[in-house]
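One structure below.
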Amino acid sequence: MSADVLRAWRPSKGEWDRAAATHLTRRAGFGGGPGEAATLANEPAHDALDDWLSRDAYDERVTKGVHALLPGGDTQRVAAWWMSLILSGGAPLRERATLMWHDHFATSDAKVDDVRMMYRQNELFREHGLGDFRVLLHSVAKDPAMLVWLDGGANRRGQPNENFAREVMELFALGIGNYTERDVQEAARGLTGWGTEGRAFRMRAEDHDDGEKELFGERGNLTGDDVIDRVLAQPACARHVARRLLEEFVTSSPEPAWVDDVARALITNEWHIGRTIERIVRSELFFSPAARRSRIAAPVELVAMTARGLSARIAPREATEAAARMGQALLRPPTVKGWDGMRAWINAGTWVARHNAMTTAAESTTVDWGAVLEGEDGGTPEALAATLVSVLVPDLLGGTLEARLADALRSADGSRDARASLGAALVLTAPEYHVV
Amino acid sequence: MTHRLAPLCALVLLPLAAPFLIATEERAPLDLERDIATLLPDSIVAYVDGSGLSPVLSDGLEHPFVRNVLASEFAQTLLAKTTMTPAAVLAIGDALFGRPVLATVGKLTSKGIAFGVVPRDGKPALVLVVRGDDAALLDSALAAAFDIVENKLGLPGILDRPQRRELGADVWRLGEELVVAKRDALLVVSNDSDLAHDTLALVDDGERSGVAADARFAALDAQRTGSEALWSWLDLTRLKSLEPEKYGKLGLAANLPATQALLGPGLCALGSSDAASVWLSLEGRAAELGVRGRDARAVAKLAPGARANASRDLPVLALPDDVGHATVYRDFAAFVSERVALFPPETLPEFTKALSTISLFFGGRDVGEDVLPQVSPWLQIVSRELEYDEGRTPENRIPGAALVAELAAPDVDGPRWITAFQTLIGILNADAAQKQGGMMQLELGLEGDVQVTSARFLDPGPEDGVDVSYNLQPACAVVDRFLVLGTHEHVVRSVVRQLASGAPRDARTSRPTEALRLSGSRIAAALRENLETLVMQKVVDDGLSYEEAQQELGGLVLLAASIEALDVSVAYEDGSVDARARITLGGVAK
């Protein structure tokens with residue numbers, strides 16, 4: 001099994017279809033625009049995967065333009081700027097990875113309270129999020145927002161603050177059970193002196209504990225960088241990262257053997273996250289029933305895939321606020337553990353918020369229904385229901401959702417666009433749509 | 001399809017019968033010099049007189065104001081994006097209409113054009129009265145217009161003859177609502193047959209005066225200068241009683257403290273007027289929009305003239321390069337003394353709490369009793385571009401502003417204000433320290449012989465960037481009798497220099513007038529300075545594409561750059577409010 005889990009997917013005839021293409025765009029990105037899944041499904045699977053995974057382009061005016069927003073100090077504007085990159089769909093996998101690392105190395109502006117630091121961290125995830133994990137971890141350890149968030153500045157010789165050292169081991173790189181309390185204390189000593197000056201990283205030599213430490217059973221006069229290197233050298237580290245990648249791209253409960261295989265792939269790829277993700281995305285596992293429709297869409301991905309799928313013109317700030325009402329405020333994760341996700345996304349309050357946001361999107365006057373319905377006229381309730389289901393939840397074509405929708409559309413009147421809007425609202429607010 | 005057929009049937013059937021019903025009758029010729037307001041019924045609540053537009057229409061593109069608008073950078077940029085010049089557009093209109101449109105309209109309205117509105121349940125009734133001195137021209141213009149309608153309906157000749165005569169006028173009814181009546185060189189158009197009839201009755205009876213007989217109308221009408229292109233009158237009393245939900249609380253809302261602080265006592269009093277006139281004048285490079293309110297009741301204690309020691313001996317501080325300057329009347333002492341009348345009851349505890357906090361800054365003195373009454377309510381505000389110290393130039397530069405107020409007892413109150421300023425900075429620093437935010441450092445300096453107290457954030461680190469907050473470097477000083485408070489030390493020092501060198505006094509008229517002047521070119525410069533930020537804000541806040549945002553804001557910058565100055569003045573005296581906004585074209589962006 002272990003040798004096969006990342007075996008490249010060679011779909012037999014009919015397997016590479018609109019549903020598979022939709023799965024690709026939603027799991028390895030934030031969904032496609034109208035007709036995009038159909039276009040991809042018409043290409044050979046290999047070409048379509050190449051096409052999707054190679055998308056890595058931004059509107060430079062917008063990426064550079066963020067610097068004009070920073071002096072104003074409004075973090076929510078920068079969160080909205082990030083949402084604009086997500087909504088644009090220019091670099092779907094990179095933005096997906098950026099969001100994954102934001103959740104993984106969860107840092108909140110609620111404490112950092114500095115837009116420039118939060119932006120710099122966001123850029124760090126964008127720059128290194130598909131690169132070498134070792135570089136990413138070292139960079140995060142010296143990231144000013146992280147240092148403020150986990151009290152790096154208070155970690156001084158003789159008065160170690162263990163916050164960052166503990167989270168590096170527990171949450172960021174190893175996982176519980178793979179370190180001892182002594183390791184945390186000794187790692188914290190090694191990290192003493194790392195802090196900020198203004199908004200920049202600063203090593204304060206006078207605050208560094210340069211005594212001998214013992215970490216993971218080995219002794220030495222460890223610096224902060226040595227501590228990170230030792231953490232990376234632990235076998236548990238690659239597995240921890242592999243589990244995170246599988247949770248994001250395959251399923252929330254990956255098999256241990258899958259984790260081992262992906263960890264091996266990560267090491268083989270010299271810790272290159274992007275190449276490892278590509279192997280996952282091109283694998284049988286990625287398109288297997290275990291991966292398909294196995295996650296509850298996180299608010300950001302729900303808002304983005306809906307706006308993109310309907311080509312609805314939703315202002316990034318509005319999209320960011322809608323996601324926040326559903327429980328995912330960008331740049332403000334609730335704790336250092338990030339968002340709990342999955343079932344925790346749904347409660348009475350957030351479901352109402354999801355319902356409202358989906359209804360608003362379906363009723364948006366900016367939706368190009370001609371494009372969404374891919375030229376289908378939706379003349380009969382059955383035809384319209386089939387088209388909407390095939391576009392919005394293609395895995396469920398021919399199922400009960402389609403039958404329910406056709407039934408509801410029988411009493412609808414008005415223009416095609418009005419009926420399509422009503423039908424789309426019914427699909428988007430159905431629980432089935434929220435599982436991706 | 002059925003919607004279109006109903007009026008068509010009416011159009012088809014009525015003319016068949018109508019010519020047989022028409023009886024000619026002898027009527028006295030119309031008095032073309034009669035005040036056009038006398039032709040509109042006194043049931044109207046809104047009246048617009050466009051008689052002054054006639055010269056603009058006659059001159060067309062050659063009218064001086066129109067010429068200046070078209071020559072502006074804004075118009076030129078817009079025109080560069082279109083394929084047709086305004087002259088070409090007019091030529092097409094002329095060809096379609098078969099005669100020069102603007103000149104014809106000018107002649108048709110040479111003896112006045114007026115418009116009235118009568119509130120009705122559901123939909124207001126509207127009437128337009130157009131009067132020229134050439135009945136034949138009106139005949140042919142009307143025939144040309146009817147031809148267009150007939151061609152559109154595919155029913156040629158259907159409107160060749162009127163459907164009836166009424167009070168000496170030929171009357172056509174178009175569809176279910178529109179009534180068109182012509183008598184000599186006078187045309188009446190209305191969407192209400194009763195209103196059309198009332199209007200024709202006034203036209204027919206030279207002894208009646210219509211809305212002009214209303215004393216409130218007459219009073220405001222008498223104040224016209226004759227230069228107005230458009231002049232209108234609003235019966236606010238009736239509007240409020242007819243639509244209490246919409247207009248009933250106009251006066252009350254204007255008395256809210258925030259509105260008072262923002263708009264001032266004069267503009268706030270407008271809402272309580274029993275009637276108002278609004279006019280537009282166009283001359284040369286300037287367009288002026290004016291509003292005059294009659295029987296306007298300002299909150300007594302807040303109104304100019306209510307304070308005994310309200311000195312108006314103001315220094316002239318405006319400089320040619322200013323972004324703007326204003327002279328306003330805000331009696332904050334009266335805000336405190338009248339708080340029970342002004343503030344909603346639920347906000348009074350918070351207000352009182354704020355007062356007691358502020359009193360701490362003044363060594364425990366009562367702000368309402370001891371501090372604010374010593375400050376003249378006539379205030380000057382100047383806004384200027386700033387200069388920054390090296391390494392402290394914000395990435396978004398915003399013009400600074402300083403407020404100048406006269407103190408009744410500068411020797412006593414001056415030091416108190418400076419101490420209050422210092423205490424305020426101290427308290428803000430304590431708050432910032434709690435939140436681990438940026439603190440400010442107090443500094444004392446001299447501008448000539450005058451001490452300037454200022455506060456500045458610590459210099460940003462080399463990698464920190466310079467935030468918008470660095471536009472704030474608050475400062476205060478007392479020069480002679482004047483207290484100067486500013487958002488930035490630079491602007492305070494520049495005002496101190498002006499005051500210390502004996503700025504000339506304001507030789508204003510006896511009317512208590514609030515005034516504001518904004519420089520279009522300076523505002524355009526400030527917008528340009530921050531264009532990238534504004535574009536990005538539009539992108540993320542409004543969901544515009546980068547190009548759309550750039551285009552929208554580029555238009556705004558050009559518009560501002562095309563305006564030399566915006567002048568606003570508000571005078572309130574003896575229950576009369578006179579507010580004017582004047583735009584002078586011709587600014588060039590720097």
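By convention in this document, the chains of the structure tokens carry letters A, B, ... by their order, each chain's residues are numbered from 1, and ligands are numbered from 1 in the order they are shown.
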
Please return, as JSON, numbers by chain, all residues of chain A lying within 6 Å of chain B when only C-alpha atoms are considered.
-> {"A": [68, 69, 71, 72, 80, 81, 198, 199, 315, 316, 317]}

Do you have, as a Markdown table, the list of residues of range 305-395 of chain A lying at most 7 Å from range 426-435 of chain A, each with its nearest atom pair and that distance in Å to one decimal, counting only C-alpha atoms and ordered by chain then number?
| residue | atom | partner | partner_atom | distance |
| --- | --- | --- | --- | --- |
| A:His355 | CA | A:Thr429 | CA | 5.4 |
| A:Met358 | CA | A:Leu428 | CA | 5.7 |
| A:Val393 | CA | A:Tyr433 | CA | 6.3 |

Let me see the file: selected residues, C-alpha atoms, as a compact mmCIF listing (two decimals), in the first residue's frame.
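The resulting file, selection_9.txt, is shown below:
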# COMPACT_ATOMS: atom_id res chain seq x y z
CA HIS A 355 -27.28 30.56 4.29
CA MET A 358 -25.09 31.91 -0.33
CA VAL A 393 -22.28 19.87 -7.28

From a DSSP calculation on the backbone, collect every residue of range 276-465 of chain B in strand (DSSP E or B) and output the set as a PyMOL selection string.
-> chain B and resi 276-283+286-294+315+324-329+375-384+400-407+440-447+450-457

Excluding same-chain residues fewer than 2 positions from Val479 in chain B, what lies within 8 Å of it counting only C-alpha atoms, as a PyMOL selection string?
-> chain B and resi 450+477+481-484+496+499-500

With only C-alpha atoms as the basis for distance, which of B:Asn191, B:Ser273, B:Ser383, B:Ser51 is at the shortest distance from Leu516 in chain B?
->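 Nearest to Leu516 in chain B: B:Ser383.
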
Near Thr327 in chain B, within 8 Å and counting only C-alpha atoms, which residues show up once chain neighbours fewer than 3 positions away are dropped, as a PyMOL selection string?
-> chain B and resi 378-381+514-516

Would you put the residues from that selection into a file with C-alpha atoms, as a CSV table (one decimal), in the first residue's frame?
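So part17.csv came out as:
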chain,number,residue,atom,x,y,z
B,378,TRP,CA,-15.8,82.4,15.7
B,379,LEU,CA,-13.1,80.0,14.7
B,380,GLN,CA,-10.7,79.9,11.8
B,381,ILE,CA,-9.5,76.7,10.3
B,514,GLU,CA,-19.5,81.4,7.9
B,515,ALA,CA,-17.2,80.7,5.0
B,516,LEU,CA,-15.2,77.9,3.5

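With only C-alpha atoms as the atoms that count, the residue of B:Ala213, B:Val568, B:Val203, B:Val557 with the shortest distance to Gly290 in chain B is B:Val568.
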
Quick one: pick out all helix (DSSP H, G or I) residues within range 337-426 of chain A from a backbone DSSP run and write them as a VMD selection string.
-> chain A and resid 342 to 345 348 to 363 369 to 372 381 to 392 394 to 396 400 to 409 416 to 426

Determine, counting only C-alpha atoms, which protein, DNA and RNA residues have an atom within 10 Å of an atom of range 149-160 of chain A; residues of the same chain fewer than 3 positions away are not included. Present the result as a count of residues only.
-> 44

Taking only C-alpha atoms into account, which of B:Pro344, B:Gly157, B:Gly414, B:Gly52 comes nearest Val371 in chain B?
->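 That would be B:Gly414, the residue with the smallest distance to Val371 in chain B.
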
Tell me which protein, DNA and RNA residues are within 10 Å of Thr98 in chain A, counting only C-alpha atoms, leaving out same-chain ones fewer than 5 positions away, and put them as a list in words.
->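 Selected residues are Trp82, Ile86, Pro92, Leu93, Asp103, His104, Gln121, Asn122, Glu123, Leu124, Phe125, Arg126, Glu127, His128, Gly129 and Leu130 of chain A.
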
Atomic distance CA of Ala455 in chain B - CA of Arg392 in chain B, expressed in Å with one decimal |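 Interatomic distance here is 13.5 Å.
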